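K.L.:
My structure is stored as final_0.tsv, with TSV, C-alpha atoms and all ligand atoms.
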chain	number	residue	atom	x	y	z
A	1	MET	CA	90.03	115.83	68.14
A	2	THR	CA	86.82	114.02	69.07
A	3	ARG	CA	85.65	113.70	72.64
A	4	ILE	CA	83.41	110.82	73.58
A	5	PHE	CA	80.59	110.87	76.10
A	6	ASN	CA	82.25	109.03	78.95
A	7	PHE	CA	79.85	107.31	81.34
A	8	SER	CA	82.60	105.83	83.52
A	9	ALA	CA	81.85	105.46	87.24
A	10	GLY	CA	85.27	106.82	88.16
A	11	PRO	CA	87.67	108.21	87.25
A	12	SER	CA	85.02	109.93	85.24
A	13	THR	CA	84.33	112.69	82.79
A	14	LEU	CA	85.53	116.21	83.64
A	15	PRO	CA	84.08	119.51	82.44
A	16	GLU	CA	85.67	120.33	79.11
A	17	ALA	CA	86.23	123.93	80.24
A	18	VAL	CA	88.32	122.65	83.14
A	19	LEU	CA	90.50	120.51	80.87
A	20	GLN	CA	91.00	123.44	78.52
A	21	GLN	CA	92.02	125.72	81.35
A	22	ALA	CA	94.42	123.10	82.72
A	23	ARG	CA	95.91	122.82	79.23
A	24	ASP	CA	96.26	126.59	78.87
A	25	GLU	CA	97.98	126.82	82.25
A	26	MET	CA	100.08	123.69	81.84
A	27	LEU	CA	103.47	125.21	81.08
A	28	ASP	CA	103.11	128.55	82.82
A	29	TRP	CA	100.64	128.89	85.66
A	30	ARG	CA	99.49	132.51	85.65
A	31	GLY	CA	102.85	134.09	84.96
A	32	SER	CA	104.78	131.95	87.44
A	33	GLY	CA	106.86	130.47	84.61
A	34	MET	CA	106.18	126.93	85.80
A	35	SER	CA	103.55	124.25	85.85
A	36	VAL	CA	101.53	123.61	89.02
A	37	MET	CA	103.13	120.15	88.99
A	38	GLU	CA	106.54	121.73	89.43
A	39	MET	CA	105.70	124.05	92.32
A	40	SER	CA	106.82	123.60	95.88
A	41	HIS	CA	103.79	122.84	97.98
A	42	ARG	CA	105.17	125.34	100.52
A	43	GLY	CA	105.63	128.13	97.98
A	44	LYS	CA	103.30	131.11	97.90
A	45	GLN	CA	101.74	130.15	94.55
A	46	PHE	CA	100.67	126.71	95.63
A	47	MET	CA	99.63	127.98	99.06
A	48	SER	CA	97.23	130.34	97.29
A	49	ILE	CA	95.81	127.43	95.24
A	50	ALA	CA	95.31	125.43	98.44
A	51	ALA	CA	93.67	128.30	100.31
A	52	GLU	CA	91.24	128.95	97.46
A	53	LEU	CA	90.42	125.27	97.18
A	54	GLU	CA	89.35	125.11	100.80
A	55	ALA	CA	87.52	128.44	100.68
A	56	ASP	CA	85.60	127.41	97.56
A	57	LEU	CA	84.59	124.04	99.00
A	58	ARG	CA	83.47	125.75	102.20
A	59	ALA	CA	81.41	128.24	100.21
A	60	LEU	CA	79.83	125.65	97.89
A	61	MET	CA	78.81	123.35	100.74
A	62	SER	CA	78.23	126.09	103.37
A	63	ILE	CA	80.63	124.27	105.69
A	64	PRO	CA	80.28	125.75	109.19
A	65	GLU	CA	83.22	127.22	111.12
A	66	ASN	CA	83.38	124.30	113.55
A	67	TYR	CA	84.28	121.81	110.83
A	68	ARG	CA	87.80	121.13	109.52
A	69	VAL	CA	88.37	120.34	105.85
A	70	LEU	CA	91.16	117.89	105.07
A	71	PHE	CA	92.59	116.84	101.71
A	72	LEU	CA	94.18	113.44	102.16
A	73	GLN	CA	95.48	110.51	100.10
A	74	GLY	CA	94.57	106.84	99.99
A	75	GLY	CA	91.10	107.26	98.53
A	76	ALA	CA	87.80	106.70	100.30
A	77	SER	CA	88.95	103.10	100.74
A	78	ALA	CA	91.69	104.13	103.18
A	79	GLN	CA	89.07	105.97	105.22
A	80	PHE	CA	87.16	102.74	105.70
A	81	SER	CA	90.00	101.83	108.11
A	82	PHE	CA	90.99	105.28	109.35
A	83	ILE	CA	87.52	106.48	110.32
A	84	PRO	CA	87.10	103.88	113.09
A	85	GLN	CA	90.67	104.41	114.24
A	86	ASN	CA	90.17	108.18	114.43
A	87	LEU	CA	86.69	108.28	115.92
A	88	LEU	CA	86.29	105.31	118.26
A	89	GLY	CA	88.24	106.76	121.19
A	90	ASP	CA	87.44	104.49	124.13
A	91	LYS	CA	84.34	103.06	122.46
A	92	THR	CA	84.30	99.60	120.96
A	93	LYS	CA	81.28	99.71	118.66
A	94	ALA	CA	80.16	101.55	115.56
A	95	CYS	CA	76.89	101.27	113.62
A	96	TYR	CA	76.76	100.75	109.86
A	97	VAL	CA	73.96	100.77	107.33
A	98	LYS	CA	74.48	98.27	104.54
A	99	THR	CA	72.98	99.45	101.27
A	100	GLY	CA	75.35	98.09	98.64
A	101	ALA	CA	78.87	97.10	97.70
A	102	TRP	CA	80.60	100.18	99.11
A	103	SER	CA	79.00	100.12	102.54
A	104	GLU	CA	79.73	96.40	102.61
A	105	LYS	CA	83.44	97.18	102.13
A	106	ALA	CA	83.33	99.89	104.78
A	107	ILE	CA	81.86	97.39	107.24
A	108	LYS	CA	84.35	94.68	106.41
A	109	ASP	CA	87.31	97.01	106.95
A	110	ALA	CA	85.90	98.47	110.17
A	111	GLN	CA	85.58	94.99	111.65
A	112	SER	CA	89.35	94.94	112.19
A	113	TYR	CA	89.01	97.80	114.68
A	114	CYS	CA	85.64	97.50	116.34
A	115	ASP	CA	82.38	95.69	116.62
A	116	ALA	CA	80.82	96.95	113.38
A	117	ILE	CA	77.11	96.58	114.01
A	118	VAL	CA	74.89	96.36	110.95
A	119	SER	CA	71.98	98.58	112.02
A	120	ALA	CA	70.06	97.99	108.81
A	121	SER	CA	70.61	96.19	105.53
A	122	SER	CA	68.93	96.04	102.17
A	123	GLU	CA	70.77	92.89	101.15
A	124	ASP	CA	67.46	90.97	101.07
A	125	SER	CA	66.31	93.16	98.19
A	126	ASN	CA	69.65	92.74	96.40
A	127	PHE	CA	70.42	96.32	97.36
A	128	THR	CA	67.57	97.88	95.41
A	129	THR	CA	66.09	99.76	98.39
A	130	ILE	CA	67.08	101.97	101.32
A	131	PRO	CA	65.98	100.33	104.59
A	132	ASN	CA	63.20	102.25	106.32
A	133	VAL	CA	64.97	104.59	108.76
A	134	ALA	CA	62.38	103.99	111.50
A	135	ASP	CA	63.45	100.32	111.61
A	136	TRP	CA	67.19	100.92	112.00
A	137	LYS	CA	68.65	99.36	115.14
A	138	ILE	CA	70.93	102.11	116.36
A	139	ASP	CA	73.07	101.25	119.39
A	140	LEU	CA	73.46	104.45	121.39
A	141	GLU	CA	76.75	103.15	122.84
A	142	ALA	CA	78.30	103.23	119.39
A	143	ALA	CA	80.88	105.86	118.44
A	144	TYR	CA	79.06	106.82	115.23
A	145	LEU	CA	76.58	105.74	112.58
A	146	HIS	CA	77.99	105.20	109.08
A	147	CYS	CA	76.07	105.33	105.83
A	148	THR	CA	76.84	105.58	102.14
A	149	SER	CA	74.76	108.34	100.58
A	150	ASN	CA	75.06	106.95	97.07
A	151	GLU	CA	75.91	103.38	96.20
A	152	THR	CA	77.89	103.76	93.01
A	153	ILE	CA	77.60	100.13	91.94
A	154	HIS	CA	73.97	99.40	92.84
A	155	GLY	CA	72.64	102.83	91.88
A	156	VAL	CA	70.83	103.46	95.16
A	157	GLU	CA	70.83	106.89	96.78
A	158	PHE	CA	69.48	108.35	100.01
A	159	ASN	CA	66.99	111.11	99.20
A	160	THR	CA	67.11	112.58	102.73
A	161	THR	CA	69.67	112.69	105.51
A	162	PRO	CA	68.87	109.94	108.02
A	163	ASP	CA	68.36	110.61	111.72
A	164	ALA	CA	71.34	109.15	113.60
A	165	LYS	CA	69.57	109.39	116.98
A	166	GLY	CA	72.25	111.65	118.40
A	167	LEU	CA	75.26	109.64	117.20
A	168	PRO	CA	77.70	111.44	114.92
A	169	LEU	CA	76.59	110.64	111.38
A	170	VAL	CA	79.52	109.57	109.20
A	171	CYS	CA	78.85	109.50	105.48
A	172	ASP	CA	80.70	108.24	102.41
A	173	MET	CA	79.69	110.78	99.76
A	174	SER	CA	82.27	109.70	97.19
A	175	SER	CA	79.84	109.50	94.32
A	176	ASN	CA	77.30	112.23	95.07
A	177	ILE	CA	79.11	115.00	96.90
A	178	LEU	CA	78.27	118.41	95.41
A	179	SER	CA	75.43	116.94	93.37
A	180	ARG	CA	72.68	118.23	95.69
A	181	PRO	CA	72.55	120.63	98.63
A	182	ILE	CA	73.03	119.04	102.06
A	183	ASP	CA	73.20	120.53	105.56
A	184	VAL	CA	76.70	119.77	106.82
A	185	ASN	CA	75.49	120.41	110.39
A	186	GLU	CA	73.63	117.10	110.25
A	187	PHE	CA	76.90	115.20	109.88
A	188	GLY	CA	79.82	114.44	112.14
A	189	LEU	CA	82.09	113.48	109.26
A	190	ILE	CA	81.75	113.50	105.49
A	191	TYR	CA	84.31	111.90	103.21
A	192	ALA	CA	84.65	111.52	99.47
A	193	GLY	CA	87.24	110.62	96.88
A	194	SER	CA	87.87	113.19	94.18
A	195	GLN	CA	87.60	111.12	91.01
A	196	LYS	CA	83.82	110.99	90.66
A	197	ASN	CA	82.36	114.42	91.18
A	198	MET	CA	85.30	116.65	92.06
A	199	GLY	CA	88.20	116.10	89.71
A	200	ALA	CA	91.02	113.73	88.93
A	201	ALA	CA	91.94	110.85	91.23
A	202	GLY	CA	94.31	111.56	94.10
A	203	VAL	CA	92.52	113.57	96.79
A	204	THR	CA	90.19	112.40	99.52
A	205	VAL	CA	88.15	115.13	101.14
A	206	VAL	CA	87.37	114.65	104.84
A	207	ILE	CA	85.07	117.20	106.48
A	208	VAL	CA	85.05	116.59	110.22
A	209	ARG	CA	83.43	118.33	113.16
A	210	ASP	CA	85.95	119.73	115.68
A	211	ASP	CA	84.66	117.83	118.69
A	212	LEU	CA	85.35	114.47	117.01
A	213	LEU	CA	89.07	115.19	116.75
A	214	GLY	CA	91.73	114.14	119.24
A	215	LYS	CA	90.64	110.55	119.82
A	216	CYS	CA	92.85	108.88	117.26
A	217	SER	CA	94.59	105.60	117.97
A	218	LYS	CA	98.36	105.94	118.37
A	219	LEU	CA	98.81	103.14	115.85
A	220	VAL	CA	97.59	105.36	113.03
A	221	PRO	CA	100.26	106.90	110.80
A	222	PRO	CA	100.31	110.68	111.40
A	223	VAL	CA	99.32	111.37	107.77
A	224	PHE	CA	96.00	109.63	108.47
A	225	ASN	CA	95.48	111.20	111.90
A	226	TYR	CA	92.87	113.90	111.33
A	227	ALA	CA	94.00	116.05	114.27
A	228	GLU	CA	97.62	115.98	113.06
A	229	GLN	CA	96.61	116.83	109.51
A	230	THR	CA	94.37	119.63	110.79
A	231	LYS	CA	97.35	121.23	112.51
A	232	ASN	CA	99.35	120.96	109.30
A	233	GLN	CA	96.77	122.13	106.70
A	234	SER	CA	96.79	118.60	105.20
A	235	MET	CA	100.47	119.07	104.39
A	236	LEU	CA	102.12	116.79	106.88
A	237	ASN	CA	103.71	115.28	103.80
A	238	THR	CA	103.75	116.36	100.16
A	239	PRO	CA	100.16	116.54	98.95
A	240	THR	CA	99.00	115.47	95.48
A	241	THR	CA	99.41	119.04	94.29
A	242	TYR	CA	98.15	118.68	90.74
A	243	SER	CA	95.00	116.88	91.88
A	244	TRP	CA	94.34	119.67	94.38
A	245	TYR	CA	94.71	122.21	91.57
A	246	LEU	CA	92.33	120.30	89.30
A	247	MET	CA	89.78	120.05	92.07
A	248	GLY	CA	90.08	123.80	92.50
A	249	LEU	CA	89.28	124.30	88.81
A	250	VAL	CA	86.27	121.99	89.06
A	251	LEU	CA	84.96	123.94	92.06
A	252	LYS	CA	85.32	127.25	90.18
A	253	TRP	CA	83.43	125.69	87.27
A	254	LEU	CA	80.71	124.55	89.66
A	255	GLN	CA	80.38	128.06	91.06
A	256	ALA	CA	80.06	129.45	87.55
A	257	GLN	CA	77.25	126.95	86.84
A	258	GLY	CA	75.28	128.37	89.76
A	259	GLY	CA	76.57	126.16	92.55
A	260	VAL	CA	75.18	123.02	94.08
A	261	ALA	CA	71.49	124.02	93.95
A	262	ALA	CA	71.71	124.63	90.19
A	263	MET	CA	73.59	121.35	89.79
A	264	GLU	CA	70.82	119.52	91.61
A	265	GLN	CA	68.23	120.85	89.18
A	266	ARG	CA	70.32	119.63	86.25
A	267	ASN	CA	70.93	116.28	87.88
A	268	ILE	CA	67.21	115.83	88.48
A	269	ALA	CA	66.50	116.65	84.84
A	270	LYS	CA	69.24	114.41	83.45
A	271	SER	CA	68.42	111.38	85.58
A	272	ALA	CA	64.65	111.76	85.05
A	273	LYS	CA	65.15	111.65	81.28
A	274	LEU	CA	67.17	108.47	81.49
A	275	TYR	CA	64.87	106.68	83.96
A	276	GLN	CA	61.82	107.69	81.93
A	277	ALA	CA	63.39	106.19	78.82
A	278	ILE	CA	64.21	102.99	80.70
A	279	ASP	CA	60.74	102.70	82.26
A	280	ALA	CA	59.03	103.35	78.93
A	281	SER	CA	60.91	100.54	77.21
A	282	THR	CA	60.42	96.80	77.16
A	283	LEU	CA	64.10	96.07	76.49
A	284	TYR	CA	65.65	97.96	79.45
A	285	ARG	CA	64.92	97.70	83.13
A	286	ASN	CA	66.22	99.37	86.29
A	287	PRO	CA	65.66	97.24	89.42
A	288	VAL	CA	65.91	99.99	92.07
A	289	GLU	CA	62.81	101.20	93.96
A	290	ILE	CA	61.78	104.51	92.45
A	291	VAL	CA	62.29	106.73	95.53
A	292	SER	CA	65.85	105.45	96.02
A	293	ARG	CA	67.09	105.64	92.47
A	294	SER	CA	70.45	107.33	92.14
A	295	ARG	CA	70.76	110.55	90.17
A	296	MET	CA	74.43	109.79	89.61
A	297	ASN	CA	74.70	106.12	88.64
A	298	VAL	CA	71.95	104.57	86.57
A	299	PRO	CA	72.24	100.79	86.22
A	300	PHE	CA	70.02	99.01	83.71
A	301	ILE	CA	69.73	95.50	82.41
A	302	LEU	CA	68.67	94.32	78.99
A	303	ALA	CA	65.78	91.88	78.81
A	304	ASN	CA	67.98	89.65	76.70
A	305	GLU	CA	71.47	89.33	78.15
A	306	ALA	CA	72.72	87.99	74.83
A	307	LEU	CA	72.39	91.52	73.45
A	308	ASP	CA	74.78	93.05	76.03
A	309	LYS	CA	77.86	92.79	73.89
A	310	GLU	CA	76.21	94.14	70.80
A	311	PHE	CA	74.75	97.01	72.81
A	312	LEU	CA	78.16	98.00	74.15
A	313	THR	CA	79.86	97.75	70.78
A	314	ALA	CA	77.19	99.80	69.05
A	315	ALA	CA	77.23	102.36	71.86
A	316	GLU	CA	80.98	102.80	71.53
A	317	ALA	CA	80.64	103.22	67.79
A	318	ALA	CA	78.20	106.04	68.58
A	319	GLY	CA	80.70	107.74	70.93
A	320	LEU	CA	79.02	106.50	74.12
A	321	ASN	CA	81.66	104.80	76.25
A	322	GLU	CA	82.13	102.97	79.55
A	323	LEU	CA	78.53	101.79	79.81
A	324	LYS	CA	79.35	98.28	81.00
A	325	GLY	CA	77.89	97.60	84.44
A	326	HIS	CA	80.09	96.65	87.37
A	327	ARG	CA	81.16	92.99	87.13
A	328	SER	CA	79.35	92.20	90.39
A	329	VAL	CA	75.91	93.22	89.07
A	330	GLY	CA	76.26	92.86	85.30
A	331	GLY	CA	74.19	94.70	82.72
A	332	MET	CA	74.86	98.37	82.03
A	333	ARG	CA	75.50	101.44	84.10
A	334	ALA	CA	75.50	105.05	83.01
A	335	SER	CA	77.29	107.33	85.45
A	336	ILE	CA	76.02	110.85	84.93
A	337	TYR	CA	77.90	113.00	87.41
A	338	ASN	CA	77.85	116.80	87.47
A	339	ALA	CA	80.24	117.04	84.54
A	340	MET	CA	78.12	114.92	82.17
A	341	PRO	CA	76.30	117.42	79.98
A	342	GLU	CA	72.59	117.01	79.31
A	343	SER	CA	73.46	116.45	75.65
A	344	GLY	CA	75.30	113.28	76.71
A	345	VAL	CA	72.14	111.93	78.31
A	346	ASP	CA	70.05	112.97	75.29
A	347	THR	CA	72.43	111.18	72.95
A	348	LEU	CA	72.36	108.07	75.13
A	349	VAL	CA	68.55	108.04	75.28
A	350	SER	CA	68.27	108.38	71.50
A	351	PHE	CA	70.78	105.60	71.03
A	352	MET	CA	68.93	103.30	73.44
A	353	GLN	CA	65.63	103.95	71.70
A	354	GLU	CA	67.12	103.26	68.29
A	355	PHE	CA	68.81	100.09	69.56
A	356	GLU	CA	65.51	98.87	70.98
A	357	ARG	CA	63.69	99.64	67.71
A	358	THR	CA	66.18	97.61	65.71
A	359	HIS	CA	66.31	94.67	68.14
B	401	LIG	C1	84.62	104.83	94.35
B	401	LIG	C2	84.08	104.74	95.70
B	401	LIG	C3	84.89	104.39	96.80
B	401	LIG	C4	86.35	104.03	96.67
B	401	LIG	O1	87.13	105.06	96.24
B	401	LIG	P1	88.71	104.84	96.09
B	401	LIG	O2	89.19	106.20	95.74
B	401	LIG	O3	88.93	103.85	95.00
B	401	LIG	O4	89.21	104.37	97.39
B	401	LIG	C5	84.30	104.35	98.05
B	401	LIG	N1	83.01	104.64	98.23
B	401	LIG	C6	82.20	104.96	97.19
B	401	LIG	C7	80.76	105.27	97.44
B	401	LIG	C8	82.71	105.02	95.90
B	401	LIG	O5	81.92	105.35	94.88
Taking this structure as input, can you express it in the form of C-alpha cells?
Ligand SMILES: *Cc1c(COP(=O)(O)O)cnc(C)c1O
P.N.:
Amino acid sequence: MTRIFNFSAGPSTLPEAVLQQARDEMLDWRGSGMSVMEMSHRGKQFMSIAAELEADLRALMSIPENYRVLFLQGGASAQFSFIPQNLLGDKTKACYVKTGAWSEKAIKDAQSYCDAIVSASSEDSNFTTIPNVADWKIDLEAAYLHCTSNETIHGVEFNTTPDAKGLPLVCDMSSNILSRPIDVNEFGLIYAGSQKNMGAAGVTVVIVRDDLLGKCSKLVPPVFNYAEQTKNQSMLNTPTTYSWYLMGLVLKWLQAQGGVAAMEQRNIAKSAKLYQAIDASTLYRNPVEIVSRSRMNVPFILANEALDKEFLTAAEAAGLNELKGHRSVGGMRASIYNAMPESGVDTLVSFMQEFERTH
C-alpha cells in the first residue's frame, strides 16, 4: 500500500491514525459486535459516540455554556439559505463581507430571503486582500454580519476576528475551523462543513448562541430549524452516523496532538515554508497580500502557464496529488489542512524547487 500526499481542498486528507482506527473498529466497534454504520442512532452505543463528539468539540474550542452545538446535513451550502431564514426574525436586512467565491455564494443565496447588503468587498483586488475593517459599512438595522474566515478558493484568510459593531457575527469557518484558536464569545453563529478540517463529508457543524434561537421562519423544514434541532440533539431525523463517528476520531486525534493551539503552531510552520519557497522562486507566485494569506489553502501560479500540465503530471508521479487550482482561478492550489503532515509540505517544496531548476 502506498499513500499519496493529497492536497485536495475537500474532501481532503485525513490523519492516517484515524483511518487505521476506523479500519480496526470497522467490523466490531469496541466489543459491540457491529460496525458503527449498523448501529441505531438511538442506541446507547451511538448515543455515547454523539455525546463524546459534542463534549470534545466543546473542549477543543472552549465553547461557552450559552452556545448550542448542532450537527446537521446539507453542507455549509445549505446554511447559506438557512442562516437568514433562522436568524432574520422580523428584520429584513443582513450584512455580508465579500472576500471570495464562498462569500459570494453566501450572498447570492441570502438574497432570496433578505436585503443582503455588501458591507465590504475585495472584488476590486480580485479577492487578494481583506477589506480594511474600519471601512466596512455596517448597517445597525441588520440581523447579523456574515463573513468567511478563510476563502478556500482564493486562499485569503482573516488573521483577526472583525468587529461587528454589536451585530451578531456569523462566520463560515468551513476551511479553517480548528486550525487556530478563536474566542467563540465573539461570534453569534459559527458554521463549517466537516470534509476539510474535521473528517469525512456529511456533517455540518453549527455553533449558535442561545439568544439567536427561536426566530426561524415557519417555511423552514424542521430539520434545518436550529431551535427544533437543539431540542432533539440534532436527531430530528437519522443523522449521518458514520460521519459523526469519524469526526469524533479526528477530534480525539487533535486532542492528542496538543489541541488547537499546537495545531496553529504547526500550521504557521507548514504554510510559512511553502510561502517562503514560492516567494523565493521566479517560477511560482502567490497573488494574495502577505497579511491575508491563508494557512490552509495556498494558491500559486506558474510564470509560464504552458508548464501547468507538466507540473501536475510530474507532481503526481512524485506522489503529490490534487494540486490543480480551482477552475475559476486557474494555476495550482495546495490545501494543507491540519491533517497534512509537515513531511508533505517538505516533499512538495523539494519537488517545486527541483521542477523550477529543470525548467
Ligand atoms: C467547501 C466550502 C463550502 C461548501 O461546503 P459544502 O459542504 O460543499 O456545502 C462553503 N464554504 C467554504 C468556505 C468552503 O470551503
K.L.:
Measuring between only C-alpha atoms and all ligand atoms, which one of A:Leu19, A:Ala76, A:Ile83, A:Leu70 shows the shortest distance to ligand LIG 401 (chain B)?
P.N.:
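Checking each of A:Leu19, A:Ala76, A:Ile83, A:Leu70 against ligand LIG 401 (chain B), counting only C-alpha atoms and all ligand atoms, the winner is A:Ala76.
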K.L.:
Hey, which residues sit close to ligand LIG 401 (chain B)? Say within 10 Å, counting all atoms listed in the file, and write them as an NGL selection string.
P.N.:
:A and (9-11 or 73-80 or 100-106 or 147-153 or 171-177 or 191-197 or 201-204 or 297)
K.L.:
Generate a file of the selected residues that holds C-alpha atoms, formatted as a compact mmCIF listing (two decimals), in the frame of the given file.
P.N.:
# COMPACT_ATOMS: atom_id res chain seq x y z
CA ALA A 9 81.85 105.46 87.24
CA GLY A 10 85.27 106.82 88.16
CA PRO A 11 87.67 108.21 87.25
CA GLN A 73 95.48 110.51 100.10
CA GLY A 74 94.57 106.84 99.99
CA GLY A 75 91.10 107.26 98.53
CA ALA A 76 87.80 106.70 100.30
CA SER A 77 88.95 103.10 100.74
CA ALA A 78 91.69 104.13 103.18
CA GLN A 79 89.07 105.97 105.22
CA PHE A 80 87.16 102.74 105.70
CA GLY A 100 75.35 98.09 98.64
CA ALA A 101 78.87 97.10 97.70
CA TRP A 102 80.60 100.18 99.11
CA SER A 103 79.00 100.12 102.54
CA GLU A 104 79.73 96.40 102.61
CA LYS A 105 83.44 97.18 102.13
CA ALA A 106 83.33 99.89 104.78
CA CYS A 147 76.07 105.33 105.83
CA THR A 148 76.84 105.58 102.14
CA SER A 149 74.76 108.34 100.58
CA ASN A 150 75.06 106.95 97.07
CA GLU A 151 75.91 103.38 96.20
CA THR A 152 77.89 103.76 93.01
CA ILE A 153 77.60 100.13 91.94
CA CYS A 171 78.85 109.50 105.48
CA ASP A 172 80.70 108.24 102.41
CA MET A 173 79.69 110.78 99.76
CA SER A 174 82.27 109.70 97.19
CA SER A 175 79.84 109.50 94.32
CA ASN A 176 77.30 112.23 95.07
CA ILE A 177 79.11 115.00 96.90
CA TYR A 191 84.31 111.90 103.21
CA ALA A 192 84.65 111.52 99.47
CA GLY A 193 87.24 110.62 96.88
CA SER A 194 87.87 113.19 94.18
CA GLN A 195 87.60 111.12 91.01
CA LYS A 196 83.82 110.99 90.66
CA ASN A 197 82.36 114.42 91.18
CA ALA A 201 91.94 110.85 91.23
CA GLY A 202 94.31 111.56 94.10
CA VAL A 203 92.52 113.57 96.79
CA THR A 204 90.19 112.40 99.52
CA ASN A 297 74.70 106.12 88.64
K.L.:
Using all atoms listed in the file, pick whichever of A:Gly199, A:Ser121, A:Val298, A:Arg30 has the shortest atom-to-atom distance to A:Leu254.
P.N.:
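Distance minimum relative to A:Leu254 lands on A:Gly199.
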K.L.:
Give me the residues within 7 Å of stretch 276-289 of chain A as a list in words, counting only C-alpha atoms and dropping any in the same chain fewer than 4 places off.
P.N.:
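Returned residues: Thr128, Thr129, Val156, Ala272, Arg293, Pro299, Phe300, Ile301, Leu302, Ala303, Val349 and Glu356 of chain A.
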K.L.:
With only C-alpha atoms as the basis for distance, which of A:Leu189, A:Val206, A:Gly259, A:Val69 is at the shortest distance from A:Ala55?
P.N.:
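Closest to A:Ala55, using only C-alpha atoms: A:Val69.
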K.L.:
What is the distance between atom CA of A:Leu169 and atom CA of A:Gln255, in Å to one decimal?
P.N.:
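Atom-to-atom, atom CA of A:Leu169 to atom CA of A:Gln255, that is 27.0 Å.
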K.L.:
To one decimal in Å, tell me the separation between atom CA of A:Leu219 and atom CA of A:Thr92.
P.N.:
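Those two atoms sit 15.8 Å apart.
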K.L.:
Please determine, counting all atoms listed in the file, which residue among A:Met37, A:Leu87, A:Ile290, A:Val260 has the shortest atom-to-atom distance to A:Asp183.
P.N.:
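Among the listed residues, the smallest separation from A:Asp183 belongs to A:Val260.
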K.L.:
Go through A:Thr313, A:Leu251, A:Asp139, A:Ser350 one by one, measure the shortest atom-to-atom distance of each to A:Lys93 using only C-alpha atoms, and give the residue with the smallest value.
P.N.:
A:Asp139
K.L.:
Closest to A:Gln257 among A:Asn159, A:Ser62, A:Asn338, A:Asn132, using only C-alpha atoms?
P.N.:
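Closest to A:Gln257, using only C-alpha atoms: A:Asn338.
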K.L.:
Take every atom of stretch 326-337 of chain A listed in the file, fit an axis-aligned box around them, add 3 Å per side, and give the centre and edge lengths in Å to one decimal as lines of an AutoDock Vina configuration file.
P.N.:
center_x = 77.7
center_y = 102.6
center_z = 86.2
size_x = 13.0
size_y = 26.8
size_z = 14.4
K.L.:
In the coordinates of the file, take the point (75.0, 107.4, 115.7) and a cut-off of 10 Å; then, counting only C-alpha atoms, name each qualifying protein, DNA or RNA residue as an NGL selection string.
P.N.:
:A and (94-96 or 138-146 or 163-170 or 187-188)
K.L.:
Would you mind reading off the distance between atom CA of A:Leu236 and atom CA of A:Gln45, one decimal, in Å?
P.N.:
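Taking atom CA of A:Leu236 and atom CA of A:Gln45, their separation equals 18.2 Å.
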K.L.:
Would you be able to write out as a CSV table (one decimal) with C-alpha atoms, in the frame of the given file which residues have an atom within 10 Å of (97.8, 124.2, 83.3) in the file's coordinates, counting all atoms listed in the file?
P.N.:
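Saved the output as selection.csv:
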chain,number,residue,atom,x,y,z
A,18,VAL,CA,88.3,122.6,83.1
A,19,LEU,CA,90.5,120.5,80.9
A,20,GLN,CA,91.0,123.4,78.5
A,21,GLN,CA,92.0,125.7,81.4
A,22,ALA,CA,94.4,123.1,82.7
A,23,ARG,CA,95.9,122.8,79.2
A,24,ASP,CA,96.3,126.6,78.9
A,25,GLU,CA,98.0,126.8,82.2
A,26,MET,CA,100.1,123.7,81.8
A,27,LEU,CA,103.5,125.2,81.1
A,28,ASP,CA,103.1,128.6,82.8
A,29,TRP,CA,100.6,128.9,85.7
A,30,ARG,CA,99.5,132.5,85.6
A,34,MET,CA,106.2,126.9,85.8
A,35,SER,CA,103.6,124.2,85.8
A,36,VAL,CA,101.5,123.6,89.0
A,37,MET,CA,103.1,120.2,89.0
A,242,TYR,CA,98.2,118.7,90.7
A,245,TYR,CA,94.7,122.2,91.6
A,246,LEU,CA,92.3,120.3,89.3
K.L.:
A:Ile336: which residues within 10 Å, counting all atoms listed in the file, same-chain residues fewer than 2 positions away excluded, as a ChimeraX atom specification?
P.N.:
/A:5-9,12-13,196-197,267,270-271,274,294-298,333-334,338-342,344-345
K.L.:
Hey, what's within 6 Å of A:Ala227 if we count all atoms listed in the file and toss same-chain stuff fewer than 3 positions away? As an NGL selection string, please?
P.N.:
:A and (213-214 or 230)
K.L.:
Env of A:Phe127: 6 Å cut, atoms = all atoms listed in the file, seq-sep filter 3 positions within chain, self excluded. Answer as a count of residues only.
P.N.:
4
